[in-house]
Structure formats: structure tokens, C-alpha cells
Amino acid sequence: MGIGRERWNKAGVLYQYLMLFKEWNAPPTKIMLIRKGYKKLAQYAIPKYFKNFVNIQKEAGIRSSRKLPGHWTEQNTLKELKVFYHHNKLLIENTSVCAALRIKQENGLVNAVARYGGLRAINRKYKLGLILKSKKWNKAEVTRELKELYEAGHTITRENLYKLGRNDLAGALYKFSTLNELKKSIGAPVRKYKIWTERKVIKEIKPILANLGVMPTHAMLKAMGRYDLARAMSKNGGSTKFARLLNAPQRTLLPANDGHYLQSSYECIFDNILFKYNIPHGVHVKISDEYRYKCDFLIGNTYIEIAGYYRKGCDAYSIKMEKKIQLYKRLKKKYIILQKEIFCQRIELVERDVLALLDKNRFRLNASKNHEDCCIKPSTYWANFKNVNKALLPIIKKYDRMPTHKELYKNNLSGLAHAIYKYHGSLFNVAQQLKLKSRQISRNYYSKEKTIADYKTICLLNNKYLTGEELYALNFRALAQAIIKYGGYEAIRQECDLGYLLYRVRIPMCTHEEIIEEYKSICEKHGRFLTRKNLVDHGFSRLAGYLNRHGLGINAARQKTGLNFDTPYLSRGHYTLSQAVDAYKEQCQECGYFLTRRETLTILPPKLVGFIDRNISFTELRKLTRLNY
């Protein structure tokens with residue numbers, strides 16, 4: 001019986017441990033198991049079923065040399081040392097006590113002796129009468145001994161000296177010089193250590209990058225045997241930093257519009273379509289509790305796999321897919337396999353074909369007003385500037401210049417607008433790169449001196465100090481933002497010193513009705529409910545301030561306007577603790593175990609999960625469900 005991908009059990013773990021004991025002729029330790037490829041057995045299975053290695057060795061009837069915690073007291077150390085000295089007199093006469101301890105692999109006793117001061121200190125303190133050999137070395141003798149070993153064909157390293165039983169020589173050589181210096185003096189080859197700089201790392205990565213086409217990860221470099229380069233890259237900032245420096249793509253998880261992280265661009269496009277049409281779904285859900293296989297997507301009771309990944313010279317993926325299909329058939333579960341050909345066409349055709357398939361399987365389609373303009377392409381698609389340029393061409397022809405952020409939103413290119421700021425700096429930077437006219441300006445355009453000079457000129461033309469709202473109306477948005485950046489309007493007005501009134505005379509709105517009426521008219525103009533931040537951004541900071549002074553919350557103001565706009569924001573008290581417990585309990589009962597927070601996010605509304613985080617932890621939530629998982 002072997003341990004495969006099925007769930008571990010106690011009998012199987014014990015059997016596997018006994019087989020390894022017979023094969024290796026030694027009790028397998030944690031380090032031995034990890035080094036020889038049994039990491040999951042060492043770190044997961046044995047601690048789960050036996051708690052520690054002492055227990056599994058007792059269960060297997062294997063005598064272990066490892067002592068229980070707290071065994072190595074000073075009294076026990078003396079006792080063990082005397083017994084060892086008595087049983088290994090001949091070996092000690094030919095070598096030394098220290099060498100004999102290492103040869104017999106009494107590591108526990110060696111560490112205990114070192115803890116209490118070393119052999120000489122213990123021998124002198126307790127008058128044990130141990131005969132400790134001590135040769136007085138000089139540099140010439142150390143060099144001569146090393147040269148003899150080298151000429152005899154031995155590789156000169158500290159580890160090899162221990163293997164040869166030359167612990168005395170290994171300890172003595174460091175009194176006079178370093179091992180590399182002594183090796184140079186006897187003509188032995190010296191290992192040169194690289195000092196890794198950022199420039200050297202880039203030089204080593206470039207040929208690997210040219211061969212792979214993507215930035216190699218830490219695991220990929222280790223698989224190639226480049227442990228030195230993997231460590232150097234990690235110490236100097238990691239693969240993400242070097243991918244940015246070399247402008248290279250990374251093989252990483254792709255973020256979808258709903259916050260899920262997917263393993264391929266095909267999965268990301270499919271997830272974005274599901275999000276756009278409000279189809280509830282889960283990603284990377286286990287097919288069965290008895291197996292570790294996971295589906296790509298779960299919609300209702302239908303499991304969806306997106307096939308098509310292929311690595312040259314490796315059929316591991318196709319074998320895994322066949323096993324998944326066999327598992328679906330054995331468990332009698334409904335599944336759909338989507339081939340990669342669906343996603344290897346124009347994006348409009350991809351959406352059409354996926355929607356036809358979803359409609360055929362009677363999945364509920366409900367395009368939301370909040371999601372209908374979202375881009376279904378992966379966000380990393382826009383990291384390539386060629387794709388950005390291609391998407392911008394029709395909009396540039398329409399406006400005969402670089403479009404603004406608002407114009408991109410109007411043309412249903414919100415995904416492109418976000419990607420430009422994420423990957424390419426700003427719209428101004430893109431306009432400069434494409435050599436286009438732009439209404440935007442550089443972030444560094446307005447220095448404090450230029451801000452004061454421009455504001456002073458505009459105020460002189462209007463014979464008064466202009467407010468932020470008035471600057472927005474005159475299309476001086478960048479100047480208005482620069483004034484806020486450099487200390488606000490009062491500070492800039494004092495710098496201008498034009499003699500106008502520094503403070504505006506404000507006519508207060510005395511009633512709630514006037515405030516609500518103004519807020520209503522602004523919302524009708526924009527076709528949606530505005531938040532406080534929206535009001536400030538659009539130059540209505542005065543109204544936002546009045547809402548605060550009169551104690552009107554945004555939700556209360558929206559209700560009093562009587563407008564029927566959709567809003568993604570929920571009012572306080574929308575969720576209750578009992579609702580959260582019932583919803584979580586229902587999902588846990590369906591799955592048969594307590595869901596983690598990450599799993600809950602794929603099933604329950606994110607705002608409900610946020611309510612749980614703010615008001616109660618998942619540990620307390622599980623107690624309140626009274627489920628016995």
C-alpha cells in the first residue's frame with residue numbers, strides 16, 4: 001500500500017514510515033524525509049496523526065536514540081558521558097573523545113556537553129579523569145597535514161575532514177588562518193564566492209529570460225540548478241523588481257475584476273464574463289473532500305474546466321485532466337470542458353460564444369448597470385503598450401487628441417483607464433509617448449511658485465479671489481488641485497496679497513430642505529448618487545460641508561431626495577448578526593465543514609464578509625453556528 005493523492009490515514013502513514021525504515025536501515029527523521037522528497041509526510045501527515053516522531057517510532061516499535069525533552073540535565077549528561085567513555089575506550093585511544101562522539105553520531109551528547117562548558121571544563125570541574133588528547137599545533141604542521149591529504153586525492157573541505165576523522169585538524173586550522181588561505185598555500189583549488197550586485201543579477205537573468213520568454217521565478221531557477229542566482233535575486237528585491245527593470249512579463253496569478261486570482265488568461269476572461277453578467281460562482285473549489293483535485297469554476301452544481309494548457313515535452317497536464325474527468329464520472333457530477341479555441345479569437349467573439357454556452361446550460365444572466373461597461377480582458381493585457389495603443393486609436397481619431405479620463409469612461413473603456421495609471425504612469429505620459437495633444441499636464445507641472453503666479457493672474461482677471469468651485473467651472477482643475485497640495489486657498493491667497501477679502505461671506509442654508517434640493521439637482525445632473533468625495537472632487541465641497549454641519553448622512557440625504565438611482569453602498573444596519581450567522585451556517589452545512597474566510601468570499605457577498613470582520617471574528621462566528629465540525 002502506498003500513499004497517493006488520496007486522503008492520509010493513520011495506518012497508511014505508519015506503513016509508509018516502516019517501509020522507509022527498512023529501506024534506509026535507520027529511523028527516518030524529519031530532515032531525512034524532507035531531503036529525500038517526503039516533505040508532506042514529514043510536515044503534514046506525521047504531526048497530524050502522531051504529533052511527533054517519538055510517538056510514531058514507539059507505535060512502529062523502533063528504538064530511537066532521540067531523548068525526551070528535558071532529558072539532558074547536567075547530571076544525565078555526566079552519566080551518559082561516563083557510559084560512553086567506558087564502552088568506547090579503544091576508539092577514544094585511537095582518536096579522541098570528541099572525534100569518537102562524532103563518529104558514533106552522539107549529537108545529543110555533543111550538544112549537551114557544549115551547553116555545560118565543554119569536555120575540558122566538565123572533566124576539570126567533576127574530576128572525571130577522562131584522558132583528553134590535545135596536540136599542540138603550529139601553522140607549518142597544519143599546512144603539511146592538509147598538503148598530504150590533498151596529494152592523496154581528498155577534497156579539502158571542513159565537512160570532508162570530519163568524514164575522514166580529522167576533527168583535530170579541522171579545529172586547529174582556524175587558529176592560524178582561513179581554510180581558503182591555507183588551500184592557496186598548498187596549491188589546492190579555492191572556491192570563489194560571487195558578490196552579487198544588481199547589475200550581475202540582471203546579466204545572469206537575461207539569457208534565461210531570452211530562452212523562457214517570461215521572468216523566471218525562484219522555484220524555476222532552483223529547478224534549473226541555479227540556487228546561487230535564485231538566492232541573489234531574492235536578496236536584491238525579488239523577481240517582481242527585476243521583471244520591472246527588464247520590462248519582462250511574469251508568470252503569476254492574474255487578478256479578475258471581482259477580486260479572484262486566476263492561473264491563466266483564459267480563466268481570467270471567463271471569470272470577468274461571469275462577473276459582468278452577475279453569475280454567482282466559485283473558483284478553485286475541491287471536487288470532493290476525499291481528493292485534492294480542484295475544478296477551475298463552480299456555478300451552482302456544475303463544475304467547469306478550461307482545458308488547453310500545454311507544456312512542450314510534458315504531458316502532466318493532460319494526465320491530470322483525464323483523472324479529473326474520471327473522477328467527475330465516478331462521483332456522477334455535472335461538468336463542462338471549455339476548450340482553449342473559444343478564447344483564441346477576437347474578444348467580442350469570445351464573449352458571444354461563452355454567453356451562448358451559458359445560455360444553453362440555463363445559467364441566469366443578469367447584466368448589472370454597475371458592471372456592464374467593465375472590460376473582460378485580463379488587467380495584465382494592458383501592461384503591453386502595443387495593446388494600449390491599439391485600443392486608443394479609434395478614440396484618438398474621434399477627439400483628435402488624447403482622450404481624458406472621463407471620456408474613456410463615456411466610451412466604456414474604464415478598464416483601459418485604470419490600466420494606464422497602473423502600468424504606464426498617467427494619460428499625460430501616454431500622450432507624450434504617442435506625441436499627441438493632451439488636456440492633461442504633468443504631475444510636476446505646478447510648482448508652488450507657478451501655482452501662486454497662475455492663481456494670481458486668474459484672480460486679477462476676475463477682480464476677486466476665486467473659489468475651488470469657480471476654478472472647476474473655468475476648467476482649471478489641475479490648478480485647483482495644486483492649491484490644495486500647497487496648503488489650501490487661504491495660504492495661497494496670503495501669498496498673492498492682492499488686497500481682496502480673504503474670507504468669503506457665506507449665506508448659510510438654514511433648512512434641511514434647501515440642502516436636500518441642491519443635492520438632488522446635482523445627482524440628477526450626473527445621473528447617479530454622489531458620495532462626499534465625489535462632491536468635493538466636482539467642486540461642491542461647500543455642499544459637502546453643509547451636509548456635515550446639519551448632521552445629514554449621505555444615506556439619509558439620498559432617501560430624502562426621492563430619487564431611485566442604484567447605489568453600491570449599503571446603509572448601516574443592513575446586515576444583522578443573526579443574518580450573518582444563518583448565511584454562514586447554511587453554506588457550511590452544504591459543504592460539510594467550516595469555510596475559511598477566503599472560501600466564504602467566493603460564496604457570500606463581500607460586504608457581508610466585511611460586516612463579519614468588523615463585528616465578530618470567524619472563530620466566534622463558528623461557535624455561534626453550533627455546528628460540530
# chains A, B, ... in the order shown; residues from 1 in each chain; ligands from 1
>>> select_by_dssp(residues="region 300-445 of chain A", states="strand (DSSP E)", output="ChimeraX atom specification")
/A:302-306,334-338
>>> residues_around(residues="Arg558 (chain A)", least_positions_apart="2", cutoff="10 Å", atoms="only C-alpha atoms", output="number ranges by chain")
A: 516, 519-520, 523, 529-531, 552-556, 560-565, 567
>>> closest_residue(among="A:Lys10, A:Arg115, A:His86, A:Lys125", to="Thr73 (chain A)", atoms="only C-alpha atoms")
A:Arg115
>>> residues_around(residues="Leu543 (chain A)", least_positions_apart="6", cutoff="10 Å", atoms="only C-alpha atoms", output="PyMOL selection string")
chain A and resi 509+515-516+518-519+532+535-536+549
>>> write_last_selection(atoms="N, CA and C atoms", output="short mmCIF file (atom, residue, chain, number, x, y, z; two decimals), in the first residue's frame")
data_model
loop_
_atom_site.label_atom_id
_atom_site.label_comp_id
_atom_site.auth_asym_id
_atom_site.auth_seq_id
_atom_site.Cartn_x
_atom_site.Cartn_y
_atom_site.Cartn_z
N MET A 509 -27.26 77.98 4.56
CA MET A 509 -28.53 77.33 4.25
C MET A 509 -29.17 76.94 5.57
N ILE A 515 -30.82 72.20 1.42
CA ILE A 515 -29.64 71.34 1.21
C ILE A 515 -30.03 70.11 0.38
N ILE A 516 -31.16 69.47 0.74
CA ILE A 516 -31.60 68.28 0.02
C ILE A 516 -31.92 68.63 -1.44
N GLU A 518 -30.62 71.03 -3.29
CA GLU A 518 -29.38 71.23 -4.05
C GLU A 518 -28.69 69.91 -4.35
N TYR A 519 -28.65 69.02 -3.34
CA TYR A 519 -28.04 67.70 -3.53
C TYR A 519 -28.79 66.91 -4.60
N ARG A 532 -19.60 61.92 -0.65
CA ARG A 532 -18.96 63.16 -0.18
C ARG A 532 -17.69 63.44 -0.99
N LEU A 535 -18.56 64.85 -4.31
CA LEU A 535 -18.97 66.25 -4.21
C LEU A 535 -17.75 67.17 -4.16
N VAL A 536 -16.76 66.77 -3.36
CA VAL A 536 -15.54 67.58 -3.24
C VAL A 536 -14.78 67.59 -4.57
N ARG A 549 -22.54 69.81 8.71
CA ARG A 549 -22.98 70.73 9.77
C ARG A 549 -24.41 70.45 10.22
#
>>> closest_residue(among="A:Ile273, A:Ile306, A:Ile299, A:Asn160", to="Ala356 (chain A)", atoms="only C-alpha atoms")
A:Ile273
>>> residues_around(residues="region 624-626 of chain A", least_positions_apart="3", cutoff="9 Å", atoms="only C-alpha atoms", output="compact mmCIF listing (two decimals) with N, CA, C and O atoms, in the first residue's frame")
# COMPACT_ATOMS: atom_id res chain seq x y z
N VAL A 581 -24.85 34.86 10.77
CA VAL A 581 -24.71 33.50 11.30
C VAL A 581 -25.49 32.52 10.45
O VAL A 581 -25.00 31.45 10.08
N ASP A 582 -26.75 32.87 10.11
CA ASP A 582 -27.60 31.96 9.31
C ASP A 582 -27.01 31.71 7.93
O ASP A 582 -26.99 30.58 7.44
N TYR A 584 -23.82 32.02 6.93
CA TYR A 584 -22.58 31.24 7.03
C TYR A 584 -22.88 29.78 7.38
O TYR A 584 -22.29 28.85 6.82
N LYS A 585 -23.84 29.57 8.29
CA LYS A 585 -24.21 28.22 8.72
C LYS A 585 -24.75 27.42 7.54
O LYS A 585 -24.41 26.24 7.36
N THR A 619 -13.81 32.90 14.21
CA THR A 619 -13.78 31.91 15.31
C THR A 619 -15.07 31.99 16.12
O THR A 619 -15.69 30.95 16.42
N GLU A 620 -15.48 33.19 16.48
CA GLU A 620 -16.73 33.37 17.24
C GLU A 620 -17.94 33.00 16.38
O GLU A 620 -18.92 32.43 16.87
N LEU A 621 -17.86 33.33 15.08
CA LEU A 621 -18.97 33.01 14.18
C LEU A 621 -19.21 31.50 14.12
O LEU A 621 -20.35 31.04 14.13
>>> closest_atom_pairs(of="region 252-346 of chain A", to="region 407-422 of chain A", cutoff="12 Å", atoms="only C-alpha atoms", output="CSV")
residue,atom,partner,partner_atom,distance
A:Ala256,CA,A:Gly415,CA,11.1
A:Asn257,CA,A:Gly415,CA,9.1
A:Asn272,CA,A:Gly415,CA,11.4
>>> residues_around(residues="Leu246 (chain A)", least_positions_apart="2", cutoff="10 Å", atoms="only C-alpha atoms", output="list of chain:residue names")
A:Ile202, A:Ile205, A:Lys206, A:Leu209, A:Met215, A:Lys241, A:Phe242, A:Ala243, A:Arg244, A:Ala248, A:Pro249
>>> closest_residue(among="A:Tyr17, A:Glu181, A:Leu427, A:Tyr335", to="Gly61 (chain A)", atoms="only C-alpha atoms")
A:Tyr17
>>> closest_residue(among="A:Glu322, A:Asp537, A:Glu495, A:Glu586", to="Arg477 (chain A)", atoms="only C-alpha atoms")
A:Asp537
>>> atom_distance(atom1="CA of Gly308 (chain A)", atom2="CA of Gln339 (chain A)")
5.9 Å
>>> residues_around(residues="Phe611 (chain A)", least_positions_apart="6", cutoff="10 Å", atoms="only C-alpha atoms", output="tab-separated table (two decimals) with N, CA, C and O atoms, in the first residue's frame")
chain	number	residue	atom	x	y	z
A	573	GLY	N	-26.82	48.99	9.42
A	573	GLY	CA	-27.90	48.15	9.91
A	573	GLY	C	-28.50	47.26	8.83
A	573	GLY	O	-29.47	46.54	9.09
A	574	HIS	N	-27.93	47.31	7.61
A	574	HIS	CA	-28.46	46.47	6.53
A	574	HIS	C	-28.30	45.00	6.89
A	574	HIS	O	-29.17	44.18	6.64
A	575	TYR	N	-27.12	44.65	7.45
A	575	TYR	CA	-26.87	43.28	7.89
A	575	TYR	C	-26.96	43.21	9.42
A	575	TYR	O	-26.57	44.15	10.12
A	576	THR	N	-27.47	42.10	9.91
A	576	THR	CA	-27.51	41.86	11.36
A	576	THR	C	-26.68	40.63	11.66
A	576	THR	O	-26.36	39.84	10.77
A	577	LEU	N	-26.37	40.45	12.94
A	577	LEU	CA	-25.54	39.32	13.35
A	577	LEU	C	-26.24	37.99	13.07
A	577	LEU	O	-25.62	37.03	12.61
A	580	ALA	N	-25.93	37.10	9.42
A	580	ALA	CA	-24.57	36.63	9.10
A	580	ALA	C	-24.38	35.19	9.55
A	580	ALA	O	-23.84	34.36	8.81
A	617	SER	N	-15.31	37.91	14.86
A	617	SER	CA	-14.30	37.12	14.15
A	617	SER	C	-14.93	35.83	13.64
A	617	SER	O	-16.00	35.41	14.08
>>> residues_around(residues="Leu274 (chain A)", least_positions_apart="5", cutoff="10 Å", atoms="only C-alpha atoms", output="PyMOL selection string")
chain A and resi 257-258+268-269+279-281+299+354-355+358+365-367+376
>>> write_last_selection(atoms="C-alpha atoms", output="compact mmCIF listing (two decimals), in the first residue's frame")
# COMPACT_ATOMS: atom_id res chain seq x y z
CA ASN A 257 -12.47 42.26 -11.87
CA ASP A 258 -14.25 40.66 -8.90
CA CYS A 268 -9.41 35.42 -16.14
CA ILE A 269 -11.52 36.26 -19.22
CA ILE A 279 -23.49 34.93 -12.31
CA PRO A 280 -22.51 33.70 -8.78
CA HIS A 281 -19.52 31.41 -8.99
CA ILE A 299 -21.52 27.53 -10.91
CA VAL A 354 -19.24 31.97 -23.81
CA LEU A 355 -22.68 33.61 -23.40
CA LEU A 358 -24.00 29.71 -20.54
CA LEU A 365 -27.71 36.04 -16.98
CA ASN A 366 -28.25 39.46 -15.39
CA ALA A 367 -26.02 42.27 -16.64
CA ILE A 376 -13.35 41.38 -19.78
>>> atom_distance(atom1="CA of Ser447 (chain A)", atom2="CA of Gly425 (chain A)")
19.3 Å
